[in-house]
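entry_31.txt (compact mmCIF, C-alpha atoms and all ligand atoms)
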```
# COMPACT_ATOMS: atom_id res chain seq x y z
CA MET A 1 -64.91 28.38 -68.98
CA ALA A 2 -62.07 28.99 -66.53
CA LEU A 3 -62.61 31.64 -63.88
CA PHE A 4 -59.36 33.32 -64.81
CA ASN A 5 -57.89 33.38 -68.27
CA LYS A 6 -54.69 31.40 -67.83
CA LYS A 7 -52.86 32.66 -70.89
CA LYS A 8 -49.47 33.98 -69.79
CA GLU A 9 -48.60 37.54 -70.71
CA PRO A 10 -45.84 38.05 -73.25
CA GLU A 11 -42.55 39.05 -71.59
CA THR A 12 -42.50 42.34 -73.49
CA ARG A 13 -44.79 44.36 -71.23
CA ASN A 14 -42.00 46.56 -70.04
CA LEU A 15 -42.90 46.59 -66.36
CA PRO A 16 -40.76 48.30 -63.74
CA GLU A 17 -38.41 46.09 -61.75
CA ASN A 18 -39.63 46.97 -58.27
CA LEU A 19 -43.13 45.60 -58.37
CA PRO A 20 -45.24 45.75 -55.20
CA LYS A 21 -45.48 42.52 -53.29
CA HIS A 22 -49.03 43.24 -52.15
CA ILE A 23 -51.60 45.29 -54.10
CA GLY A 24 -54.98 46.37 -52.74
CA ILE A 25 -57.73 47.44 -55.12
CA ILE A 26 -60.96 49.24 -54.20
CA MET A 27 -63.11 48.00 -57.09
CA ASP A 28 -65.27 51.12 -57.38
CA GLY A 29 -67.39 52.75 -60.08
CA ASN A 30 -69.66 49.93 -61.27
CA GLY A 31 -72.85 51.91 -60.64
CA ARG A 32 -71.63 55.00 -62.50
CA TRP A 33 -70.48 52.84 -65.40
CA ALA A 34 -74.00 51.43 -65.72
CA LYS A 35 -75.69 54.80 -65.26
CA LYS A 36 -73.64 56.33 -68.06
CA ARG A 37 -75.06 53.67 -70.36
CA GLY A 38 -78.65 53.87 -69.10
CA LEU A 39 -78.33 50.36 -67.63
CA PRO A 40 -79.36 49.04 -64.19
CA ARG A 41 -76.58 49.11 -61.55
CA LYS A 42 -76.42 45.31 -61.57
CA ALA A 43 -75.13 45.46 -65.17
CA GLY A 44 -72.20 47.49 -63.83
CA HIS A 45 -71.51 44.89 -61.13
CA SER A 46 -71.55 42.11 -63.67
CA GLU A 47 -69.11 44.01 -65.91
CA GLY A 48 -66.97 44.78 -62.85
CA GLY A 49 -66.84 41.03 -62.17
CA LYS A 50 -65.24 40.50 -65.57
CA THR A 51 -62.61 43.12 -64.77
CA PHE A 52 -61.93 41.33 -61.47
CA ARG A 53 -61.19 38.08 -63.35
CA LYS A 54 -58.97 39.77 -65.90
CA ILE A 55 -56.95 41.85 -63.42
CA THR A 56 -56.57 38.99 -60.92
CA ARG A 57 -55.11 36.71 -63.56
CA TYR A 58 -52.86 39.49 -64.80
CA CYS A 59 -51.50 40.21 -61.30
CA SER A 60 -50.77 36.52 -60.84
CA ASP A 61 -49.08 36.28 -64.27
CA ILE A 62 -46.72 39.19 -63.61
CA GLY A 63 -45.66 37.76 -60.25
CA ILE A 64 -47.62 39.76 -57.67
CA LYS A 65 -47.61 37.73 -54.44
CA TYR A 66 -50.71 39.15 -52.70
CA LEU A 67 -53.78 40.87 -54.13
CA THR A 68 -56.60 42.16 -51.93
CA VAL A 69 -59.77 43.27 -53.70
CA TYR A 70 -62.58 45.13 -51.98
CA ALA A 71 -65.79 43.53 -53.23
CA PHE A 72 -68.40 44.39 -50.57
CA SER A 73 -68.08 46.56 -47.48
CA THR A 74 -69.83 46.34 -44.11
CA GLU A 75 -71.55 49.60 -45.17
CA ASN A 76 -72.75 48.30 -48.53
CA TRP A 77 -75.73 46.54 -46.83
CA LYS A 78 -77.35 50.01 -46.82
CA ARG A 79 -78.04 49.69 -50.52
CA PRO A 80 -81.53 48.88 -51.88
CA ASP A 81 -82.63 45.23 -51.57
CA ASP A 82 -82.65 44.59 -55.29
CA GLU A 83 -79.02 45.72 -55.63
CA ILE A 84 -77.96 43.56 -52.66
CA ASN A 85 -79.84 40.58 -54.14
CA SER A 86 -78.18 40.94 -57.51
CA LEU A 87 -74.75 41.27 -55.87
CA MET A 88 -75.32 38.09 -53.82
CA LYS A 89 -76.40 36.25 -56.98
CA LEU A 90 -73.27 37.44 -58.75
CA PHE A 91 -71.06 36.35 -55.84
CA ARG A 92 -72.68 32.91 -55.85
CA SER A 93 -72.14 32.38 -59.55
CA TYR A 94 -68.49 33.38 -59.21
CA LEU A 95 -67.94 31.06 -56.28
CA GLU A 96 -69.60 28.14 -58.04
CA GLU A 97 -67.50 28.67 -61.12
CA ALA A 98 -64.38 29.01 -59.02
CA LEU A 99 -65.08 25.67 -57.36
CA SER A 100 -65.15 23.76 -60.62
CA ASP A 101 -62.46 25.68 -62.45
CA PHE A 102 -59.90 26.58 -59.80
CA LYS A 103 -58.61 23.01 -59.55
CA ASP A 104 -55.64 23.46 -61.81
CA ASP A 105 -55.22 27.09 -60.98
CA ASP A 106 -52.44 28.05 -58.60
CA ILE A 107 -54.21 31.00 -56.89
CA VAL A 108 -54.95 30.76 -53.15
CA VAL A 109 -58.40 32.23 -52.46
CA ARG A 110 -59.17 33.75 -49.08
CA PHE A 111 -62.13 35.79 -47.89
CA ILE A 112 -61.55 38.60 -45.46
CA GLY A 113 -64.52 40.01 -43.60
CA ASP A 114 -67.36 38.65 -41.50
CA LYS A 115 -68.79 35.60 -43.29
CA SER A 116 -71.62 35.18 -40.78
CA HIS A 117 -73.84 37.73 -42.55
CA PHE A 118 -74.05 35.72 -45.74
CA ASN A 119 -76.58 32.94 -46.24
CA ASP A 120 -75.56 29.33 -45.55
CA GLU A 121 -75.07 28.48 -49.21
CA LEU A 122 -72.77 31.40 -49.94
CA ARG A 123 -70.82 30.86 -46.71
CA ALA A 124 -70.32 27.18 -47.53
CA LEU A 125 -69.04 28.10 -51.00
CA MET A 126 -66.62 30.60 -49.48
CA ILE A 127 -65.24 28.02 -47.07
CA GLU A 128 -65.01 25.36 -49.79
CA ASN A 129 -63.06 27.75 -52.01
CA GLU A 130 -60.67 28.56 -49.18
CA GLU A 131 -60.17 24.92 -48.22
CA GLY A 132 -59.77 23.77 -51.80
CA SER A 133 -57.12 26.34 -52.67
CA LYS A 134 -55.12 26.74 -49.46
CA ASP A 135 -52.17 24.55 -50.47
CA ARG A 136 -51.63 26.12 -53.86
CA PRO A 137 -48.26 27.68 -54.56
CA GLY A 138 -49.40 30.88 -56.29
CA MET A 139 -50.61 34.38 -55.51
CA VAL A 140 -52.80 34.88 -52.46
CA LEU A 141 -56.06 36.54 -53.47
CA ASN A 142 -57.94 38.10 -50.54
CA ILE A 143 -61.51 38.91 -51.47
CA ALA A 144 -62.90 41.45 -48.99
CA MET A 145 -66.58 40.62 -48.54
CA ASN A 146 -68.62 42.13 -45.73
CA TYR A 147 -65.30 43.65 -44.83
CA GLY A 148 -64.88 46.81 -42.79
CA SER A 149 -61.56 47.67 -41.28
CA ARG A 150 -63.05 49.25 -38.15
CA ASP A 151 -65.02 46.05 -37.59
CA GLU A 152 -61.80 44.07 -38.14
CA ILE A 153 -59.99 46.16 -35.50
CA VAL A 154 -62.87 45.84 -33.00
CA ARG A 155 -62.73 42.05 -33.41
CA ALA A 156 -58.97 42.06 -32.87
CA VAL A 157 -59.35 44.15 -29.69
CA LYS A 158 -62.02 41.79 -28.32
CA GLN A 159 -59.85 38.77 -29.07
CA ILE A 160 -56.86 40.32 -27.31
CA VAL A 161 -59.02 41.17 -24.27
CA HIS A 162 -60.09 37.49 -24.08
CA GLU A 163 -56.48 36.36 -24.38
CA VAL A 164 -55.40 38.73 -21.62
CA GLU A 165 -58.29 37.53 -19.44
CA ASP A 166 -57.46 33.87 -19.92
CA GLY A 167 -53.77 34.56 -19.30
CA SER A 168 -52.46 33.49 -22.70
CA VAL A 169 -51.25 37.03 -23.47
CA SER A 170 -49.84 39.57 -21.01
CA GLU A 171 -50.21 43.34 -21.36
CA ASP A 172 -46.48 43.65 -22.09
CA GLU A 173 -46.83 41.33 -25.06
CA ILE A 174 -49.34 43.60 -26.81
CA SER A 175 -47.43 45.07 -29.73
CA GLU A 176 -48.05 46.28 -33.26
CA GLN A 177 -47.11 42.81 -34.50
CA LEU A 178 -49.52 41.12 -32.09
CA ILE A 179 -52.35 43.36 -33.31
CA SER A 180 -51.45 42.68 -36.99
CA ASP A 181 -51.57 38.98 -36.17
CA ARG A 182 -55.18 39.29 -34.97
CA LEU A 183 -56.43 40.88 -38.22
CA TYR A 184 -57.93 39.01 -41.18
CA THR A 185 -54.65 39.60 -43.04
CA ALA A 186 -52.52 37.94 -40.32
CA GLY A 187 -49.25 36.59 -41.65
CA GLN A 188 -49.37 38.67 -44.83
CA PRO A 189 -47.27 41.71 -45.68
CA ASP A 190 -49.03 45.09 -45.59
CA PRO A 191 -50.17 46.39 -48.98
CA ASP A 192 -47.44 48.33 -50.78
CA LEU A 193 -49.84 49.87 -53.28
CA ILE A 194 -53.55 50.66 -53.01
CA ILE A 195 -55.33 51.51 -56.24
CA ARG A 196 -58.73 53.21 -56.30
CA PRO A 197 -60.35 53.55 -59.69
CA SER A 198 -63.35 55.86 -60.24
CA GLY A 199 -61.56 58.98 -59.01
CA GLU A 200 -62.70 58.98 -55.37
CA TYR A 201 -60.08 60.21 -52.90
CA ARG A 202 -61.06 58.14 -49.89
CA ILE A 203 -60.30 54.84 -48.20
CA SER A 204 -63.91 53.81 -47.39
CA ASN A 205 -62.96 51.60 -44.42
CA PHE A 206 -60.44 49.46 -46.35
CA LEU A 207 -57.30 48.09 -44.60
CA LEU A 208 -56.99 51.03 -42.18
CA TRP A 209 -54.32 49.46 -39.99
CA GLN A 210 -52.48 47.78 -42.85
CA CYS A 211 -52.26 50.91 -45.07
CA ALA A 212 -50.06 52.92 -42.67
CA TYR A 213 -47.30 53.13 -45.29
CA SER A 214 -49.11 52.09 -48.47
CA GLU A 215 -48.72 54.15 -51.61
CA PHE A 216 -52.05 55.36 -53.02
CA VAL A 217 -52.84 55.66 -56.70
CA ILE A 218 -56.25 57.13 -57.56
CA MET A 219 -57.25 56.57 -61.17
CA ASN A 220 -59.95 58.29 -63.19
CA LYS A 221 -61.32 55.10 -64.71
CA LEU A 222 -64.48 53.32 -63.61
CA TRP A 223 -63.71 49.75 -62.51
CA PRO A 224 -65.54 48.03 -65.43
CA ASP A 225 -63.34 50.04 -67.83
CA PHE A 226 -60.12 49.31 -65.93
CA ASP A 227 -57.66 47.24 -67.95
CA LYS A 228 -54.15 45.82 -67.85
CA GLU A 229 -52.71 49.06 -69.21
CA ASP A 230 -54.22 50.92 -66.24
CA LEU A 231 -52.61 48.46 -63.86
CA ASP A 232 -49.30 48.90 -65.70
CA GLU A 233 -49.66 52.65 -65.26
CA ALA A 234 -50.31 52.29 -61.53
CA LEU A 235 -47.22 50.05 -61.29
CA ARG A 236 -45.10 52.66 -63.07
CA ILE A 237 -46.37 55.42 -60.76
CA TYR A 238 -45.65 53.20 -57.75
CA ALA A 239 -42.13 52.41 -58.98
CA GLN A 240 -41.30 56.14 -59.05
CA ARG A 241 -42.45 56.82 -55.51
CA ASN A 242 -39.85 57.40 -52.85
CA ARG A 243 -40.97 55.40 -49.82
CA ARG A 244 -39.36 56.89 -46.75
CA TYR A 245 -41.30 55.33 -43.86
CA GLY A 246 -40.66 58.42 -41.80
CA GLY A 247 -36.94 58.40 -42.48
CA VAL A 248 -35.01 60.70 -44.79
C1 LIG B 301 -68.36 49.21 -56.38
O1 LIG B 301 -69.09 49.98 -57.29
C2 LIG B 301 -69.02 47.89 -56.08
C3 LIG B 301 -69.57 47.79 -54.71
C4 LIG B 301 -69.45 48.69 -53.79
C5 LIG B 301 -70.29 46.59 -54.38
P1 LIG B 301 -70.24 50.93 -56.81
O2 LIG B 301 -71.53 50.16 -56.83
O3 LIG B 301 -69.90 51.60 -55.54
O4 LIG B 301 -70.26 51.98 -58.00
P2 LIG B 301 -70.50 53.55 -57.88
O5 LIG B 301 -69.47 54.07 -56.91
O6 LIG B 301 -71.89 53.74 -57.40
O7 LIG B 301 -70.27 54.06 -59.26
C1 LIG B 302 -66.06 50.96 -51.40
O1 LIG B 302 -66.85 51.57 -52.34
C2 LIG B 302 -66.45 49.53 -51.24
C3 LIG B 302 -66.22 48.68 -52.39
C4 LIG B 302 -65.68 49.02 -53.54
C5 LIG B 302 -66.63 47.33 -52.22
P1 LIG B 302 -68.16 52.39 -51.95
O2 LIG B 302 -68.74 52.84 -53.24
O3 LIG B 302 -69.01 51.59 -51.06
O4 LIG B 302 -67.55 53.59 -51.13
P2 LIG B 302 -68.09 55.07 -50.92
O5 LIG B 302 -69.53 54.98 -50.49
O6 LIG B 302 -67.94 55.78 -52.23
O7 LIG B 302 -67.19 55.66 -49.88
MG MG B 303 -68.90 53.32 -55.11
```
Would you write out, as structure tokens, the structure that this file holds?
Amino acid sequence: MALFNKKKEPETRNLPENLPKHIGIIMDGNGRWAKKRGLPRKAGHSEGGKTFRKITRYCSDIGIKYLTVYAFSTENWKRPDDEINSLMKLFRSYLEEALSDFKDDDIVVRFIGDKSHFNDELRALMIENEEGSKDRPGMVLNIAMNYGSRDEIVRAVKQIVHEVEDGSVSEDEISEQLISDRLYTAGQPDPDLIIRPSGEYRISNFLLWQCAYSEFVIMNKLWPDFDKEDLDEALRIYAQRNRRYGGV
């Protein structure tokens, strides 16, 4: 079975013309979805994984250039061991499937976050997926795993300090662009639209630097229930926003 369903969407979906180039999604609400059904939280994560596949393929089919999904934060390690273990198992099965099925897929897979906290097997699978997909022509999919934006910024600051110390960068050269270039998302445009399902009005340490002028759409759907129609709705809301970037 392919990781993403490759069937192209019919042209009749009636999407707005000004689609975002880069969408970020905080994939939240798996636990509540499971609780509502009297199921263990891991059942919610597994259902959320299916939504991830469906929505990723859909974004690629409609021509989105960059998609960043928040899968596991630097703070999520606080969760009980059995939840962490089931999440790691789920990640592994996705990565293994991706390896065998991504070959004729055109999506570029990247992981943003600190890989060093994952076990050797998972880390190797992450690197293999990145290496195996890096020359593909399609949408860039950033999967944020052990990602925290404050951690990302601290790393960037440390790197810049080293570069100043070794003389490769001077103080005058430190600019917004130079900082952007030291983040995990270096070389990519900032997200135009950030969608948070599950109704929470917070950013939870996601893309803090990059979201300076992102449009936010909070949706009252739990991630496992999120479907293409919800994404279409977010795209319509986005298309009606007046982005001023501080101007008039
Ligand atoms: C998001 O769903 C998945 C991860 C953070 C790994 P949650 O597990 O946070 O679901 P809720 O917010 O408890 O419903
Ligand atoms: C954010 O969700 C992280 C992911 C979706 C991976 P959380 O569920 O961890 O965020 P909080 O705790 O509600 O802020
Ligand atoms: Mg949550």
Problem set entry | A:Thr74 surroundings by only C-alpha atoms, 6 Å radius, close-in-sequence under 2 positions cut, as a PyMOL selection string | chain A and resi 76+146-148
Write the selection just made, keeping C-alpha atoms, as an mmCIF file, in the coordinates of the input?
```
data_model
loop_
_atom_site.group_PDB
_atom_site.id
_atom_site.type_symbol
_atom_site.label_atom_id
_atom_site.label_comp_id
_atom_site.auth_asym_id
_atom_site.auth_seq_id
_atom_site.Cartn_x
_atom_site.Cartn_y
_atom_site.Cartn_z
ATOM 1 C CA ASN A 76 -72.750 48.300 -48.530
ATOM 2 C CA ASN A 146 -68.620 42.130 -45.730
ATOM 3 C CA TYR A 147 -65.300 43.650 -44.830
ATOM 4 C CA GLY A 148 -64.880 46.810 -42.790
#
```
Exercise. Can you tell me, as a list in words, which residues sit within 12 Å of (-71.6, 55.2, -59.7) in the file's frame, using all atoms listed in the file?
Worked result: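 I get Met27, Asp28, Gly29, Asn30, Gly31, Arg32, Trp33, Ala34, Lys35, Lys36, Arg37, Gly38, Leu39, Pro40, Arg41, Lys42, Ala43, Gly44, His45, Gly48, Pro197, Ser198, Gly199, Glu200, Lys221, Leu222, Trp223 and Pro224 of chain A for the residues within 12 Å of that point.
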Exercise. Which is closer to ligand LIG 302 (chain B) than all the others in A:Lys78, A:Lys228, A:Arg241, A:Lys21, using only C-alpha atoms and all ligand atoms?
Worked result: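 For ligand LIG 302 (chain B), the nearest of the candidates is A:Lys78.
Considering only C-alpha atoms and all ligand atoms, the residue among A:Val161, A:Ile174, A:Val109, A:Ile203 positioned nearest to ligand MG 303 (chain B) is A:Ile203.
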Exercise. Could you state the separation of atom CA of A:Tyr66 and atom CA of A:Ile23 in Å, given to one decimal place?
Worked result: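 Result for atom CA of A:Tyr66 versus atom CA of A:Ile23: 6.4 Å, one decimal.
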Problem set entry | Atomic separation - atom CA of A:Ile25 relative to atom CA of A:Tyr58, Å | 13.4 Å
Exercise. Of the residues A:Glu215, A:Asp106, A:Glu171, A:Asp227, which is the one nearest to A:Pro20, using only C-alpha atoms?
Worked result: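 Looking only at the distances to A:Pro20, the closest residue turns out to be A:Glu215.
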Exercise. Hey, can you check how far atom CA of A:Ser133 sits from atom CA of A:Arg196?
Worked result: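 Here the two named atoms are 27.2 Å from each other.
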For this session: May I ask which of the residues A:Asn242, A:Ser204, A:Asn14, A:Ser168 is the closest one to A:Ile26, counting all atoms listed in the file?
Result: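 Closest candidate: A:Ser204.
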For this session: Have a look at A:Asp135, A:Glu75, A:Glu83, A:Glu176 and name the one nearest to A:Ser46; count all atoms listed in the file.
Result: A:Glu83
Please write stretch 59-72 of chain A of the preceding block to a file containing C-alpha atoms, as a short mmCIF file (atom, residue, chain, number, x, y, z; two decimals), in the first residue's frame?
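part-v4.cif was written with the following content:
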```cif
data_model
loop_
_atom_site.label_atom_id
_atom_site.label_comp_id
_atom_site.auth_asym_id
_atom_site.auth_seq_id
_atom_site.Cartn_x
_atom_site.Cartn_y
_atom_site.Cartn_z
CA CYS A 59 -1.85 19.36 -0.50
CA SER A 60 0.58 17.97 -3.05
CA ASP A 61 -2.22 17.30 -5.58
CA ILE A 62 -3.58 20.84 -5.40
CA GLY A 63 -0.14 22.36 -5.92
CA ILE A 64 0.99 23.44 -2.45
CA LYS A 65 4.78 23.85 -2.57
CA TYR A 66 5.67 23.43 1.13
CA LEU A 67 3.80 21.69 3.94
CA THR A 68 5.11 21.61 7.51
CA VAL A 69 3.33 19.29 9.92
CA TYR A 70 3.91 19.31 13.66
CA ALA A 71 4.13 15.66 14.69
CA PHE A 72 6.04 15.70 18.01
#
```
